[in-house]
Amino acid sequence: MNFIRFLSAIFLIAACALPISANAQNSLIKPAQGSPVVTTGQVRAELLAWAPEGVEPGKPVWLGLQLAHQPEWHTYWKNSGDSGLPTMLEWQLPAGITAGDIAWPTPKKIPIGTLANYGYEQTVLLPVPLTVAPGFDAPQLDVKLRASWLVCRKECIPQEGEFTLSLPARGSTAASGAAFQAAFDAAPKPLPTGASQLEVSGKALKVSLAGLPASLQGKTLALFPETGSVIEPAGAWQQAWEGALWTAQLPLSSQRLDSPARMPLVVAWGEAAYRIDAPVKGEWPAVAAPAGVSPALQAALRANAAAAPGAPAKASPGLLAALLGALLGGLILNLMPCVFPVLAIKVVGFVNEKSRAARITSGLAYTAGVVLSFLALGALLLGLRATGEQLGWGFQLQSPAVVAGLAALFTLLGLNLAGLFDFGSILPGRVVNLQAKNPGVNAFLSGVMATAIASPCTAPFMGASLGYAVGLPAAQALAVFGAIGIGMALPYLAASVVPGVARLLPRPGAWMVTFKQLMAFPMFATVAWLVWVLGQQSGIDGAGALLALLVLLALAVWSFSLRGTARRAIATFSVALCALGIWAIGPNIVKPALTPVAAASARWQDWQPGRVEQLTAQGQSVFVDFTAAWCVTCQYNKKTTLANAEVLADMDARNVALLRADWTRRDPAVTQALAELGRSGVPVYVFYKPGRAPVVLSEILSVRDVRAELTRL
């Protein structure tokens, strides 16, 4: 690892990455001012009001969001059907004014391929009633609304807007009366329960409605259940008239998540619509997947990977056992793919060492860099936890700004290895000479870099040691962190002091240039992984912004490597362009994603505090995957063992609830759950069985271990 590379990386990250965080904070603290109208390429959204007798207690006052869709585009009803999301309204109203629920107009069924959604096309108004408390006497009613909606054609686009409106409290506001009256006419009329009933029969829901108007008899009605994920929206169903009684048989969804005791339904024909909320008779069949199960607790790796998977979760090692586990875990970290790019570069540097003394110096310096970095990370973690922060191992990659900074650093290293530019040609000569006079600094900083990349990973034997360390006195805890560093640096240190290693290496030559260029691709692969991690944290806009800024960064470093009179002009332009990019799109990097990037499957559901206890109290076993997007081991286990057909079949056969706790961004609830298991990092895999202690599996998850533990359920 080249010392000059590190100096340049630090300089460029300070210039390009750090302002991102400040700009992002400003954009979040000072949102754009709203207006009554927000227009996108697909929807014109307008906040309307109707107060025909003024804003007074006991008088009708209505607000509503009107959505005018472009042709072929639609938004969604309160139950969106097979896919989609309902429009959400968040009101900010003065004291004495409260907003009710949306009076949803009757939707239409919108077929999408083999699926069916419930929603609105053309123009729809979503009315909301206001309640005015006695004593309200403000001269005007100031309304603020933050609305979010999903607009779809074949593709879907999440959108949002901020709206403001001021109404005079005295006098009529009737300009929008016709729009509200049309919405009221489109709303379903209440239908008394009377002789109507809903009954579960096998895999179908039987509906019998009495009291519908005679004008509807013989008509083919549309039906919309307000409770989602109960029936198949696109499934074939039968309906018939038995005199004045309308009956239907609706197929239950194969992915049903709920067994409601009551179900509100809307039936419609043309402009006529009626709503009934009736109890459900009969026994619901078992649900396809437990409701409310969560995406993955991945933090704690088993204290002793060689121990049987069924060991109790809270078995605490002694200090000597923790030190040994930390040492072995540090050794195994060298095999993790996240450390490979740095170690590959060290191979090139090792071949270049011409004397044993130089190799020993390099090995000691590298060891010092690794050990001191682990001690520094451990001290920072312990210090932050002492102030009340809920943090665990790998906490630095929970920050999008840190992820973006590492992506910039590895982009620089990859471009340098590929030969796009040379640090020595663009930095002052005294800095270049500093490298020649201090070769050990290169090795030391290589150790720092290796630690930065390896620290998010948790290897076998490390999990329990780290969990145990955070509860020890500071000196003993730091000893555990130092043992991890020693274990990680040990192979390189041993190679540097054993004379036979040098004889096994090829002689320096032209092959090293090819090897150096080849090592650019692991660097770029690491950048791709970091961009993906950022996408999990900040959404597609954040990932796209980071990619754009990395392109500008590449342009800037290339411009400094030019020669001739044009260098200064091109370099000035490229740096200005980089600064403009940071100001314009940089805030997207640290802005939280508006919606979860990856939706949980029907099999895997989101983990929530208390959910495990709720399921085990019902007699059900639970498997929890504590995970994070930046955890390479987690992703490997997820794509192999946790996707294995035999494992999933065994889980289904034993009715095991699968929960996933996502720690990609900081989540104090997940951190606390890990601490209760004696862990402080991910991955962690836990079986919870009714009446028994939790069982933590190994960090390197195998099909055999999981299936063996399932046989004990």
# chains A, B, ... in the order shown; residues from 1 in each chain; ligands from 1
call {"tool": "residues_around", "arguments": {"residues": "Phe444 in chain A", "least_positions_apart": "2", "cutoff": "7 Å", "atoms": "only C-alpha atoms", "output": "MDAnalysis selection string"}}
result
chainID A and resid 365:366 368:369 440:442 446:448
call {"tool": "write_last_selection", "arguments": {"atoms": "C-alpha atoms", "output": "PDB file, in the first residue's frame"}}
result
ATOM      1  CA  ALA A 365       4.689  -1.653  11.069  1.00  0.00           C
ATOM      2  CA  TYR A 366       1.721  -3.418   9.474  1.00  0.00           C
ATOM      3  CA  ALA A 368       1.176  -1.936  14.654  1.00  0.00           C
ATOM      4  CA  GLY A 369      -1.269  -0.345  12.215  1.00  0.00           C
ATOM      5  CA  GLY A 440       7.390   1.756   7.445  1.00  0.00           C
ATOM      6  CA  VAL A 441       4.645   4.381   7.282  1.00  0.00           C
ATOM      7  CA  ASN A 442       3.308   2.714   4.129  1.00  0.00           C
ATOM      8  CA  SER A 446      -1.822  -0.536   5.089  1.00  0.00           C
ATOM      9  CA  GLY A 447      -2.728  -2.027   8.456  1.00  0.00           C
ATOM     10  CA  VAL A 448      -5.076   0.876   9.124  1.00  0.00           C
TER      11      VAL A 448
END
call {"tool": "select_by_dssp", "arguments": {"residues": "range 154-260 of chain A", "states": "alpha helix (DSSP H)", "output": "list in words"}}
result
Gly177, Ala178, Ala179, Phe180, Gln181, Ala182, Ala183, Phe184, Asp185 and Ala186 of chain A
call {"tool": "closest_residue", "arguments": {"among": "A:Val656, A:Leu530, A:Cys634, A:Val480", "to": "Ala321 in chain A", "atoms": "only C-alpha atoms"}}
result
A:Val480
call {"tool": "residues_around", "arguments": {"residues": "range 563-573 of chain A", "least_positions_apart": "6", "cutoff": "12 Å", "atoms": "only C-alpha atoms", "output": "list in words"}}
result
Phe421, Ser425, Ile426, Leu552, Leu553, Ala554, Leu555, Ala556, Val557, Ala579 and Leu580 of chain A
call {"tool": "residues_around", "arguments": {"residues": "Trp237 in chain A", "least_positions_apart": "4", "cutoff": "10 Å", "atoms": "only C-alpha atoms", "output": "MDAnalysis selection string"}}
result
chainID A and resid 204:205 232:233 248:251
call {"tool": "closest_atom_pairs", "arguments": {"of": "range 226-294 of chain A", "to": "range 103-115 of chain A", "cutoff": "10 Å", "atoms": "only C-alpha atoms", "output": "JSON lines"}}
result
{"residue": "A:Glu232", "atom": "CA", "partner": "A:Leu115", "partner_atom": "CA", "distance": 8.9}
{"residue": "A:Pro233", "atom": "CA", "partner": "A:Leu115", "partner_atom": "CA", "distance": 7.2}
{"residue": "A:Ala234", "atom": "CA", "partner": "A:Leu115", "partner_atom": "CA", "distance": 5.3}
{"residue": "A:Gly235", "atom": "CA", "partner": "A:Leu115", "partner_atom": "CA", "distance": 8.5}
{"residue": "A:Val266", "atom": "CA", "partner": "A:Thr106", "partner_atom": "CA", "distance": 7.6}
{"residue": "A:Val267", "atom": "CA", "partner": "A:Thr106", "partner_atom": "CA", "distance": 8.8}
{"residue": "A:Ala268", "atom": "CA", "partner": "A:Thr106", "partner_atom": "CA", "distance": 7.7}
{"residue": "A:Gly270", "atom": "CA", "partner": "A:Lys108", "partner_atom": "CA", "distance": 9.9}
{"residue": "A:Glu271", "atom": "CA", "partner": "A:Thr106", "partner_atom": "CA", "distance": 8.7}
{"residue": "A:Ala272", "atom": "CA", "partner": "A:Thr106", "partner_atom": "CA", "distance": 9.1}
{"residue": "A:Ala273", "atom": "CA", "partner": "A:Thr106", "partner_atom": "CA", "distance": 6.9}
{"residue": "A:Tyr274", "atom": "CA", "partner": "A:Thr106", "partner_atom": "CA", "distance": 8.9}
{"residue": "A:Arg275", "atom": "CA", "partner": "A:Thr106", "partner_atom": "CA", "distance": 9.5}
call {"tool": "write_last_selection", "arguments": {"atoms": "C-alpha atoms", "output": "compact mmCIF listing (two decimals), in the first residue's frame"}}
result
# COMPACT_ATOMS: atom_id res chain seq x y z
CA GLU A 232 -56.93 -13.04 -4.09
CA PRO A 233 -57.70 -9.73 -5.87
CA ALA A 234 -57.16 -11.33 -9.29
CA GLY A 235 -58.60 -14.74 -8.37
CA VAL A 266 -67.53 -2.38 -0.50
CA VAL A 267 -69.76 -3.59 -3.33
CA ALA A 268 -70.44 -1.43 -6.36
CA GLY A 270 -71.56 1.81 -11.77
CA GLU A 271 -71.96 4.87 -9.54
CA ALA A 272 -73.88 2.97 -6.85
CA ALA A 273 -71.70 1.64 -3.99
CA TYR A 274 -72.46 0.23 -0.54
CA ARG A 275 -70.28 -0.62 2.45
call {"tool": "closest_residue", "arguments": {"among": "A:Thr664, A:Thr641, A:Ser621, A:Gln181", "to": "Lys689 in chain A", "atoms": "only C-alpha atoms"}}
result
A:Ser621
call {"tool": "select_by_dssp", "arguments": {"residues": "range 149-204 of chain A", "states": "strand (DSSP E or B)", "output": "list in words"}}
result
Trp149, Leu150, Val151, Cys152, Cys156, Ile157, Pro158, Gln159, Glu160, Gly161, Glu162, Phe163, Thr164, Leu165, Ser166, Leu167, Pro168, Thr173, Lys189, Pro190, Gln197, Leu198, Glu199, Val200, Ser201 and Ala204 of chain A
call {"tool": "write_last_selection", "arguments": {"atoms": "N, CA and C atoms", "output": "PDB file, in the first residue's frame"}}
result
ATOM      1  N   TRP A 149     -47.672   9.499  -2.104  1.00  0.00           N
ATOM      2  CA  TRP A 149     -48.487   8.602  -2.904  1.00  0.00           C
ATOM      3  C   TRP A 149     -47.580   7.814  -3.846  1.00  0.00           C
ATOM      4  N   LEU A 150     -48.094   6.673  -4.264  1.00  0.00           N
ATOM      5  CA  LEU A 150     -47.398   5.839  -5.241  1.00  0.00           C
ATOM      6  C   LEU A 150     -48.211   5.887  -6.524  1.00  0.00           C
ATOM      7  N   VAL A 151     -47.597   6.379  -7.592  1.00  0.00           N
ATOM      8  CA  VAL A 151     -48.297   6.481  -8.865  1.00  0.00           C
ATOM      9  C   VAL A 151     -47.683   5.460  -9.822  1.00  0.00           C
ATOM     10  N   CYS A 152     -48.544   4.683 -10.479  1.00  0.00           N
ATOM     11  CA  CYS A 152     -48.075   3.559 -11.285  1.00  0.00           C
ATOM     12  C   CYS A 152     -48.752   3.549 -12.647  1.00  0.00           C
ATOM     13  N   CYS A 156     -43.718   2.031 -11.365  1.00  0.00           N
ATOM     14  CA  CYS A 156     -44.265   2.751 -10.220  1.00  0.00           C
ATOM     15  C   CYS A 156     -43.269   3.787  -9.727  1.00  0.00           C
ATOM     16  N   ILE A 157     -43.777   4.950  -9.304  1.00  0.00           N
ATOM     17  CA  ILE A 157     -42.928   6.047  -8.852  1.00  0.00           C
ATOM     18  C   ILE A 157     -43.468   6.557  -7.513  1.00  0.00           C
ATOM     19  N   PRO A 158     -42.709   6.419  -6.415  1.00  0.00           N
ATOM     20  CA  PRO A 158     -43.145   7.037  -5.153  1.00  0.00           C
ATOM     21  C   PRO A 158     -42.939   8.545  -5.215  1.00  0.00           C
ATOM     22  N   GLN A 159     -43.946   9.302  -4.819  1.00  0.00           N
ATOM     23  CA  GLN A 159     -43.864  10.758  -4.873  1.00  0.00           C
ATOM     24  C   GLN A 159     -44.413  11.326  -3.571  1.00  0.00           C
ATOM     25  N   GLU A 160     -44.058  12.585  -3.308  1.00  0.00           N
ATOM     26  CA  GLU A 160     -44.570  13.258  -2.123  1.00  0.00           C
ATOM     27  C   GLU A 160     -44.625  14.747  -2.382  1.00  0.00           C
ATOM     28  N   GLY A 161     -45.382  15.441  -1.552  1.00  0.00           N
ATOM     29  CA  GLY A 161     -45.487  16.888  -1.689  1.00  0.00           C
ATOM     30  C   GLY A 161     -45.860  17.526  -0.366  1.00  0.00           C
ATOM     31  N   GLU A 162     -45.487  18.794  -0.214  1.00  0.00           N
ATOM     32  CA  GLU A 162     -45.855  19.582   0.956  1.00  0.00           C
ATOM     33  C   GLU A 162     -46.779  20.701   0.501  1.00  0.00           C
ATOM     34  N   PHE A 163     -47.908  20.850   1.190  1.00  0.00           N
ATOM     35  CA  PHE A 163     -48.960  21.771   0.779  1.00  0.00           C
ATOM     36  C   PHE A 163     -49.298  22.707   1.938  1.00  0.00           C
ATOM     37  N   THR A 164     -49.643  23.936   1.610  1.00  0.00           N
ATOM     38  CA  THR A 164     -50.133  24.893   2.607  1.00  0.00           C
ATOM     39  C   THR A 164     -51.391  25.561   2.068  1.00  0.00           C
ATOM     40  N   LEU A 165     -52.264  25.937   3.003  1.00  0.00           N
ATOM     41  CA  LEU A 165     -53.516  26.580   2.622  1.00  0.00           C
ATOM     42  C   LEU A 165     -54.002  27.385   3.816  1.00  0.00           C
ATOM     43  N   SER A 166     -54.553  28.564   3.558  1.00  0.00           N
ATOM     44  CA  SER A 166     -55.128  29.407   4.609  1.00  0.00           C
ATOM     45  C   SER A 166     -56.598  29.660   4.285  1.00  0.00           C
ATOM     46  N   LEU A 167     -57.479  29.382   5.268  1.00  0.00           N
ATOM     47  CA  LEU A 167     -58.915  29.592   5.091  1.00  0.00           C
ATOM     48  C   LEU A 167     -59.387  30.694   6.031  1.00  0.00           C
ATOM     49  N   PRO A 168     -60.196  31.608   5.562  1.00  0.00           N
ATOM     50  CA  PRO A 168     -60.797  32.583   6.492  1.00  0.00           C
ATOM     51  C   PRO A 168     -61.781  31.868   7.405  1.00  0.00           C
ATOM     52  N   THR A 173     -66.413  29.210   2.282  1.00  0.00           N
ATOM     53  CA  THR A 173     -65.387  28.795   1.322  1.00  0.00           C
ATOM     54  C   THR A 173     -66.028  27.712   0.470  1.00  0.00           C
ATOM     55  N   LYS A 189     -72.325   4.021   0.346  1.00  0.00           N
ATOM     56  CA  LYS A 189     -73.344   4.256   1.368  1.00  0.00           C
ATOM     57  C   LYS A 189     -73.329   3.097   2.369  1.00  0.00           C
ATOM     58  N   PRO A 190     -73.591   3.360   3.648  1.00  0.00           N
ATOM     59  CA  PRO A 190     -73.604   2.263   4.631  1.00  0.00           C
ATOM     60  C   PRO A 190     -74.759   1.302   4.367  1.00  0.00           C
ATOM     61  N   GLN A 197     -74.116 -11.790   6.018  1.00  0.00           N
ATOM     62  CA  GLN A 197     -73.108 -12.489   6.799  1.00  0.00           C
ATOM     63  C   GLN A 197     -71.910 -12.841   5.927  1.00  0.00           C
ATOM     64  N   LEU A 198     -70.763 -13.021   6.606  1.00  0.00           N
ATOM     65  CA  LEU A 198     -69.531 -13.489   5.982  1.00  0.00           C
ATOM     66  C   LEU A 198     -69.138 -14.774   6.686  1.00  0.00           C
ATOM     67  N   GLU A 199     -68.720 -15.777   5.915  1.00  0.00           N
ATOM     68  CA  GLU A 199     -68.384 -17.062   6.517  1.00  0.00           C
ATOM     69  C   GLU A 199     -67.213 -17.680   5.779  1.00  0.00           C
ATOM     70  N   VAL A 200     -66.235 -18.168   6.571  1.00  0.00           N
ATOM     71  CA  VAL A 200     -65.104 -18.880   5.995  1.00  0.00           C
ATOM     72  C   VAL A 200     -65.508 -20.329   5.777  1.00  0.00           C
ATOM     73  N   SER A 201     -65.280 -20.817   4.556  1.00  0.00           N
ATOM     74  CA  SER A 201     -65.599 -22.201   4.224  1.00  0.00           C
ATOM     75  C   SER A 201     -64.445 -22.777   3.420  1.00  0.00           C
ATOM     76  N   ALA A 204     -62.259 -20.581   0.913  1.00  0.00           N
ATOM     77  CA  ALA A 204     -63.058 -19.510   0.318  1.00  0.00           C
ATOM     78  C   ALA A 204     -63.768 -18.730   1.407  1.00  0.00           C
TER      79      ALA A 204
END
